[in-house]
Each structure stands twice: as C-alpha cells, then as structure tokens.
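Let me begin by presenting the structure, written as structure tokens, before commenting on it.
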Amino acid sequence: MMEALHDVLAPFGPQAAHVRELWLLTLAVCTVVFAAVLAALLFALLRAPRANAQSPPGLSDLGRPEPGKRRSVIAAVAASTLLLLALIAASIFTDRALARLSTEGALRLEVTAHQWWWEVRYVEPNVADSFITANEIHVPTGRPVIVTLKADDVIHSFWVPSLAGKKDLLPGRTTTMNFRADRDGVYRGQCAEFCGSQHALMAFFVVADPPERYAAWAAAQRRTASEPTESQPMRGREIFMRSSCAMCHAIDGTTAQAVRGPNLTHVASRGTLAAGALANTPEDLKRWIADPQQIKPGTYMPATRLAPEEMDALVGYLQTLR
Amino acid sequence: MNRPGHAPASRLKDGTGPGSPEAAALDATWSDPPGLLGWLAAVNHKSIARRFIVTTFCFFVAGGLLAVVMRLQLARPGSKLVGPDLYNQLFTMHGSTMMFLFAVPVMQAVAVYLVPLMLGTRSIAFPRLNAFAYWIFLFGGLMLYVVFVLGAGPDAGWFSYVPLAGPDYSPGKREDFWAQMITFTELSALLEAIVVITTVFKLRAPGMTLNRIPLFVWAMLVTAFMVLFAMPSVMLASTMLIMDRLVGSHFFNPAEGGDVVLWQHLFWFFGHPEVYLIFLPGLGFLSAMIPTFARRPIFGYTAMVLSLIATAFLAFGLWVHHMFAVNLPELGKSFFTAASMLIAIPSAVQIFCWLATLWGGKLDFKTPLLFVLGFFFILVLGGMTGIMLASVPLDLQVHDSYFVVAHLHYVLIGGAVFPLFGAFYYWYPKITGRLMSERLGRWNFWLFFIGFNVAFFPMHLLGLKGMPRRVYTYQAGLGWDAMNMVATIGALTIAMSVLLFIVNAARSLRHGAPAGANPWGAGTLEWATESPPPPCNFHAIPVVHGRDPLWEHPRPEAEGAQPAFTHVSGLAADTRELLATTVLDARPDLRLNFPDPTIWPFVSAVAVTALFIGSVFTPWAVVWGSIPIAIALTAWFWPDRAETSVHLSLERKP
C-alpha cells in the first residue's frame with residue numbers, strides 16, 4: 001500500500017496552508033470563549049449557596065432590577081459579537097486569498113468520478129499529447145493545477161486534505177478547483193460525498209514529483225501500450241481480448257477501446273488497484289480479477305473465472321503495461 | 001364522556017376542589033372512554049402525549065441500537081461484521097429515526113403533555129386532530145421499520161441526495177418507503193404545530209398575558225411557527241422524489257433538464273431549521289429547570305423570548321452552509337457565512353442569561369440540574385465547532401468528514417438530548433405521580449456524560465485526519481484505528497447509561513417516592529395540580545398574576561391541600577366546556593365546547609396509511625385510496641345531534 005499523507009493540519013500546498021492559519025486563529029478564539037463560559041459557570045456553582053425544594057424562591061428581581069448582572073450580560077454579548085465579526089472577516093479574507101492564488105502556466109486536468117473510481121484526463125494544448133489514467137494523479141511540484149470536475153453517475157466529492165479543501169462533482173454540471181503541491185510526496189485523497197455502496201473504498205493518490213520527474217512520467221504515459229514479446233504475456237493479451245475484460249477497459253494501441261472501467265494502458269505503473277483498495281501486486285491483482293465482490297461488494301466489475309495458468313498469463317500481461 | 005341525556009337546567013358547574021361531586025363529574029367528563037375501542041378513541045391530551053412520548057422513546061432506543069452496531073463495525077479497520085449494504089441501511093435508518101422519528105416528535109409529544117398544564121387549561125386545541133397526528137406518526141414510523149426488518153431499509157442516507165436516491169441508482173422500493181415516511185411524519189409535525197399555536201394563543205388561563213407565558217411554552221410556540229415554514233419544503237422535496245420514482249417525472253434528472261442541486265436546496269431549507277426545531281425546545285426545558293433549581297426567577301425573560309424569535313428567523317437564512325462544496329457564487333457564500341456565525345449571538349444571550357440566573361441563585365443539586373450543567377459543557381463546545389463550519393474555507397476541509405459527525409452530535413445531543421433527559425427526570429413525577437431514583441439518576445448522568453465525550457470527541461480529530469463520513473470500513477494504517485476503537489467504547493458506555501435510565505424509569509413507576517403536587521417547589525402552573533393531574537387538569541381554572549404563579553401565591557403545602565389561588569368557575573362540569581381567552585392579554589373571551597372522543601381520527605389515519613403504502617406500488621392507490629379517507633373524514637366531522645343540542649343549550653344558559 002502507498003504511504004501517503006492525508007491531514008488537514010499538515011498542509012503541503014498554499015490552499016491547505018491558508019486554511020490551517022484560519023483554523024489556528026479560530027481555534028484560539030473558540031478555546032478562550034469556551035474556557036471563559038465554563039469558568040463563569042464553575043464560579044457560579046461554587047459561590048451559590050445550597051438550597052432545597054422547600055427554600056423560599058428569591059423573587060428579588062420583580063421588585064428590584066439587577067443592574068450589575070444586566071451590565072455583565074450586555075458586556076458578554078457585545079464581546080461575543082465583536083469576536084464573531086472578527087472571525088467572519090478572517091474567514092472572508094482567507095476565502096479571497098484562496099481565490100487570488102495564481103494559476104499562471106497551470107497544468108489542466110479533467111477528473112470524472114464514477115461509482116467507484118476516478119478517471120483522470122490530462123488536457124494538453126496539443127490534443128495528441130492528452131492522455132488518460134485512473135485513480136492516481138501525478139503533478140509537478142510548484143506548478144498550479146486546475147482540475148475540472150465532472151460526475152458520470154451520482155454526486156461525488158474530490159478531497160485531498162493535505163493540499164486543498166473539497167469540491168463536489170455533480171452530474172449535469174462542471175465545477176473546478178485549483179491546488180498546488182509545494183513539496184514532493186504522495187498525498188491521499190478520497191471521495192467525501194456518500195455515493196453508494198462502495199463510497200468507503202473510493203480513494204485516489206496525488207503524487208507530486210519534481211518537474212523533470214513529472215515530465216518523464218507524462219512522456220511514458222503518452223506512449224501507447226508496449227507490445228509483449230514473451231510468450232506468456234502474449235497469451236495473456238489474447239485472454240484479455242477474448243474475455244469480458246475488453247468490454248469495459250481500454251488499452252491504447254490495441255483493439256480494446258471500452259470506456260466503462262479504468263483505462264489500463266499503464267496500469268502496472270500505478271501504486272494501487274481498485275481505487276486504493278488493494279496494493280498493486282500480482283497476487284492482489286489475481287484476487288481482484290477472480291472475485292472483485294469479495295474485496296468491494298457491489299462494485300460493477302464482474303468476476304472473471306480463469307484457469308490458474310490463464311490467470312497467470314493475464315496478470316503477466318497486465319504487469320507489462322508500465 | 002359527556003352524557004347528553006342531562007337536562008340543561010340541572011347542569012353542574014365546576015369550581016370546587018377535589019372530592020366534591022362537581023370534581024367527580026369533571027373527571028368523568030374529561031376521561032377517555034373505557035375498553036379497547038375507547039383506547040383507540042382517546043382524545044385527552046395527556047393520554048395521547050403519554051403514548052407519543054413512549055413511542056418516540058422507543059424509536060430513540062431503536063436508533064441508538066443501530067448506532068451501536070455501526071460503531072462495532074467501525075471499531076477495527078476492515079471489519080467484516082456488516083457489509084456495505086447493511087451498513088448503508090444502518091446509517092440511513094439511524095439518521096432518519098433520530099431526526100424524523102425522535103428529535104422533533106419527542107419535543108412535540110412533551111409539549112402536548114405540558115403546554116395545556118402550563119397554560120392552566122383543560123385541553124389542547126383540536127384534540128381529535130392531535131390524536132390523528134399521533135396515529136399517522138406511529139404508522140409512518142412503523143412502516144419504515146417494518147420494511148427495514150424485511151431487508152428493504154432505505155440506503156441513500158437520511159439526506160437522500162439525488163440522483164443516488166433517484167430511480168436510476170436506487171431501484172426497488174427502498175427509497176419510495178423512505179420518501180412516503182417523510183411526508184407522513186412531517187404531516188404529523190405540521191398538525192401538532194397548528195395544535196400548539198392555537199392552544200397557546202387562545203386557551204391560556206385568564207391573566208396569563210403574553211409576557212407571563214412560561215419560557216418553555218414560548219420555545220414551543222416559536223418552534224411550531226418554524227415547523228410551519230420548514231416542513232413544507234421537505235414534504236415538497238419528498239413528493240417530487242416519489243414522483244420521479246413512481247410516475248417518471250424528471251425534477252432531479254439532469255439528462256432531462258432537471259437539477260440535482262434543487263434537491264439540496266429544498267432539503268436543507270428544511271434541514272437546517274430542523275436543528276433549531278430540536279434545539280429551541282431544549283432551550284425551553286432549560287429555562288423551566290434552571291429557575292426551579294436556582295430558586296429564583298429567570299434572569300432576562302424578555303431577552304430570552306426575543307432571542308428565541310431571532311434564532312428562528314436566522315435559522316432560515318443559513319441552509320447553504322451545508323452546500324459550500326457545491327459550486328456556488330462567492331458573494332452568496334459570504335452572506336451565508338455571516339448568517340451562520342451570527343446565529344451564535346441569540347444562543348449566547350440565552351447562555352449568559354442562564355449564567356446570570358445561576359449566579360444569583362441558591363442551588364438545589366438534583367439530577368435535572370446535572371443534565372443542565374452537562375448541556376453547558378457539550379453545547380458550548382458544539383457551538384464552537386459550528387462557528388468553524390460556518391467559515392467557507394474551514395468547511396471545505398472538514399465538510400463531510402468525521403469532524404462534522406462530532407459537531408452535529410455535540411449540538412444535537414448536547415442541545416436537545418441532555419436537556420430532554422433532565423426534563424424526563426424533572427417532569428416524570430408530573431406524569432406518573434412518583435419521583436425517579438436520584439442515585440440511579442446520578443449514575444445515568446455521569447455514564448452518559450463521560451461516554452458521550454469518549455465517543456464523540458475523538459471524531460473531531462478523525463475528521464482532521466481525513467476520515468470521511470458514511471464509510472462502512474476503512475483500511476488499516478491510515479492513523480484512524482485507535483480513535484475509532486475509543487469512540488466505540490464511548491458508544492457502548494452511552495448505551496449502558498440509556499439502559500440504566502430505562503431501568504430507573506420502569507422501577508420508579510412502582511417503587512418511586514410519591515411526589516405530591518410540587519416535589520421541586522417549582523413556580524409554574526403545571527405544578528399547581530395533582531401529580532398525575534386529573535383528566536380535566538384543573539378542577540378550577542386558575543387566574544394568573546405573574547410569571548411564576550406558584551411562587552407569588554402562598555405555597556400549596558403551607559395552606560393544606562388547597563392552593564390559595566384565585567380561580568374562575570362556572571364552566572359546565574358534565575360537558576367538555578373550555579374557557580378561551582384573548583390573544584394578547586388573556587382576558588376571558590368565550591366559552592367553547594370541545595369535541596368528544598371518537599374512533600374516526602384513528603380510522604382516518606389507517607386509511608391515509610393504506611393510501612401511502614399502496615402508492616409505493618401503484619399510482620392508482622392515490623385514486624382508490626382516497627375513497628376510504630373521504631368516508632372516514634366525513635364520519636369524523638359529521639355533526640352529532642345530541643352534541644349539538646348540548647352546545648345550543650349551553651349557549652342559551654350562560
């Protein structure tokens with residue numbers, strides 16, 4: 001499994017960092033107010049004399065107003081109002097600062113959420129340079145990223161806590177969000193809006209690399225799948241093309257061109273399988289192909305029954321797709 | 001039940017104390033008829049309220065058990081206790097139960113019991129409508145649980161976002177039952193709101209001017225008005241959903257020009273005020289209990305009333321803070337941030353006024369007061385996280401994470417359930433005539449308070465650590481394991497505490513110390529009558545001279561059995577006659593005759609339920625099902641000749 005960060009309070013990009021500052025300010029104000037209210041309560045409890053049901057009720061305020069208490073309550077309400085206004089201002093300024101972040105020279109991505117995986121399209125000015133991957137987003141550090149968000153079926157929400165706040169993906173509407181990763185690393189993200197039976201296992205990863213490493217990765221992703229040269233992977237490819245695999249998945253450079261499931265052109269280069277549910281190892285891949293319902297009950301991927309040697313061949317072929 | 005055979009000339013008049021023939025006649029007049037049919041025909045507000053309270057509490061226990069199963073599933077990563085299908089049903093049923101079948105109805109149920117007693121009148125307005133509202137609530141709730149037990153519980157969340165809850169992604173009948181149940185229970189809430197508003201405006205004891213109404217009654221009045229504005233929104237939404245599902249309309253289908261965000265606006269326009277529908281009665285409980293146990297009148301009565309009203313207004317201006325992650329215009333978001341934060345001010349006014357009350361009082365440390373103090377700790381903390389959620393940038397990080405789960409339980413359990421448990425201990429003697437055990441009460445409180453914080457505080461941290469809501473499982477190694485285990489232990493502690501409460505309530509029914517009329521030495525009118533109150537509530541209608549009538553008069557104990565009240569007399573004792581007063585200053589206005597018990601509200605509720613269940617399967621049920629409803633309603637409203645002659649004779653002889 002990929003080691004990854006997913007913590008609101010451990011920001012690695014400017015958006016999450018701004019939010020963390022606002023969080024610290026709000027937390028400080030709230031802690032002070034909370035402590036003050038509890039201290040007032042505790043003090044009242046300690047100083048008040050004890051009584052019981054027979055004690056005569058104090059009706060003093062009917063005959064005699066209580067100016068001291070009145071002044072204290074008014075002062076407390078005024079102080080709360082001022083603090084709230086300050087927090088509203090801080091919140092709006094933070095919001096504006098987030099909106100002002102530069103998107104010059106940004107990388108453009110288009111993320112489409114499906115029940116229950118993520119399709120990621122790298123949109124390049126030159127259409128031939130565009131490519132598609134799934135459940136794993138690679139970005140160069142220090143460069144802003146503009147993500148166009150779409151949903152294929154129901155509402156999902158895109159959230160990478162260490163980089164930025166979340167944004168919903170809505171069927172019939174397009175939304176966008178930006179982020180920038182300032183340090184290289186792997187950041188975990190997941191769907192945050194309940195989207196059906198496998199909402200729990202709909203994670204993805206953002207891999208931030210230095211620009212040159214990112215460029216190398218992108219160049220590799222742009223290539224179509226390499227032709228297998230050994231006999232076992234060649235047999236695996238044949239199994240892929242004649243079984244139900246090819247009805248949902250695409251592998252660029254082959255006749256498999258379906259779009260229902262994730263594009264598998266470079267599947268072996270990804271860290272995880274099934275939207276973060278499994279590590280990308282041959283064993284897990286076999287388990288996943290043989291009985292996906294065992295791992296993600298309700299997933300739309302059907303089980304594929306294969307003889308052991310056929311399974312080895314198929315997985316052997318998929319392992320060549322780097 | 002009224003015996004119409006009496007000659008008008010020999011009518012008994014009320015106005016004397018217990019034991020007199022007039023009092024016996026009053027008791028007979030206002031009692032529910034005997035037998036099973038009589039039980040189904042009951043309209044006395046106290047009978048209906050007792051059933052209503054027990055029913056809502058059963059739903060609370062059911063919802064709590066679902067939560068315990070969910071917590072057991074989440075105690076460890078990758079647990080196989082329940083799969084995603086059952087888990088999604090569990091959290092949908094938990095949310096729907098707690099919001100629709102417990103939180104709002106229980107407050108209305110308590111109000112149905114207490115409001116007439118606090119106002120010094122003999123009945124709630126529209127007693128048959130009140131009975132009808134109870135029955136449809138019961139049938140709606142049962143319908144949801146029956147389909148859940150049959151394995152067809154709804155599974156798209158209590159918020160049922162479309163298109164997930166729509167026909168394409170939730171085939172089958174699950175969401176249909178959910179949508180119909182919503183319409184049902186909200187209809188019940190609307191009817192109860194009308195009943196409460198009318199009672200408060202027209203049936204107050206003479207002299208109870210607007211600025212002498214007990215604060216709990218104010219809270220319920222404001223709540224009832226909020227219900228009138230909030231509930232139609234969700235009823236409209238659920239009706240649109242069921243039409244999308246049953247007859248193929250396209251309100252929420254983007255492919256045909258519908259809009260998925262429309263649902264969210266309609267739902268949260270109800271859903272956020274809903275929180276305050278639960279919270280305001282909680283504030284009312286506190287304003288009833290704090291003066292009693294601080295032995296002094298509430299500080300800042302007028303400020304309290306105004307802040308209740310201000311909360312109600314602001315509550316309708318901030319539903320969008322549930323939708324910040326949906327793409328919305330920037331200026332709109334700033335407005336909703338401000339509205340969401342500023343609603344803290346009226347709540348702060350209330351809290352500071354209670355502090356001032358406690359500050360100037362002499363304290364009687366009984367169990368209800370413990371729950372009040374628990375409220376302060378939990379609600380103020382929940383309010384602070386609410387301020388964080390009101391801010392757009394913070395909300396975009398913690399929205400739909402466990403931080404929100406923690407926040408909403410702090411607000412709802414702190415703001416409503418803690419006051420409610422205090423209220424159970426406080427008013428239990430008024431309902432049963434006996435006190436609950438103080439020793440068990442203390443155990444109940446401390447287990448609940450500690451269990452609650454152990455269960456929900458770690459969820460704040462889980463949310464900040466990136467754990468999303470509504471997940472049936474999570475993987476090991478994400479840093480969530482230990483805190484989830486702790487939360488589960490806390491949930492089990494809460495379950496134990498609730499069990500202890502049930503034991504206490506059941507035991508005290510027989511073995512509790514007899515309470516007498518006013519065990520806490522409280523000041524409001526419900527304590528002026530016996531515990532439990534006679535069927536007519538008051539044998540003589542009291543006249544009110546201040547906000548705490550019992551404190552301003554010589555106390556009943558000091559004067560022997562008879563409270564030294566001034567009272568009005570002269571209402572008929574052998575027919576259901578009531579005194580209505582003017583809206584503002586509660587001057588006697590007119591004498592009303594109240595309807596008798598009848599089976600027809602029950603039959604009507606059965607007919608309505610049949611229509612709704614049928615409509616899940618075929619739209620034709622709406623057509624054929626309306627015929628029995630029409631028959632039942634006609635019988636319900638058919639003027640009874642004997643009753644009419646009594647009314648006419650009373651009009652002739654004042």
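In the structure tokens, chains take letters A, B, ... by order of appearance, with residues numbered from 1 within each chain and ligands from 1 in the order shown.
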May I have the residues within 8 Å of Leu266 of chain B as a compact mmCIF listing (two decimals) with N, CA, C and O atoms, in the first residue's frame, using only C-alpha atoms and disregarding those fewer than 6 positions away in the same chain?
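Writing the result to result.txt gives the following:
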# COMPACT_ATOMS: atom_id res chain seq x y z
N SER B 233 -41.19 22.46 2.91
CA SER B 233 -40.09 22.37 1.96
C SER B 233 -39.67 20.92 1.75
O SER B 233 -39.50 20.46 0.62
N VAL B 234 -39.51 20.17 2.84
CA VAL B 234 -39.06 18.78 2.68
C VAL B 234 -40.21 17.90 2.19
O VAL B 234 -40.00 16.92 1.46
N LEU B 236 -42.44 18.87 0.08
CA LEU B 236 -42.42 19.12 -1.37
C LEU B 236 -41.31 18.30 -2.03
O LEU B 236 -41.53 17.63 -3.04
N ALA B 237 -40.11 18.35 -1.41
CA ALA B 237 -38.98 17.62 -2.00
C ALA B 237 -39.26 16.12 -2.05
O ALA B 237 -39.03 15.47 -3.07
*Skip Phe34 of chain A itself and residues of its chain fewer than 2 positions away, then list as a PyMOL selection string all residues within 8 Å of it, counting only C-alpha atoms.*
(chain A and resi 30-32+36-38) or (chain B and resi 380-381+384)
*Residues within 8 Å of Phe352 of chain B, only C-alpha atoms, excluding chain neighbours under 6 positions, as an MDAnalysis selection string*: chainID A and resid 73 76:77
*May I ask which of the residues B:Tyr169, B:Trp39, B:Phe270, B:Phe251 is the closest one to chain A, counting only C-alpha atoms?*
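Smallest distance to chain A is found for B:Tyr169.
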*Check the smallest atom-to-atom distance from each of A:Gly68, A:Pro302, A:Gly105, A:Pro161 to Val8 of chain A using only C-alpha atoms, then report the winner.*
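Distance minimum relative to Val8 of chain A lands on A:Pro161.
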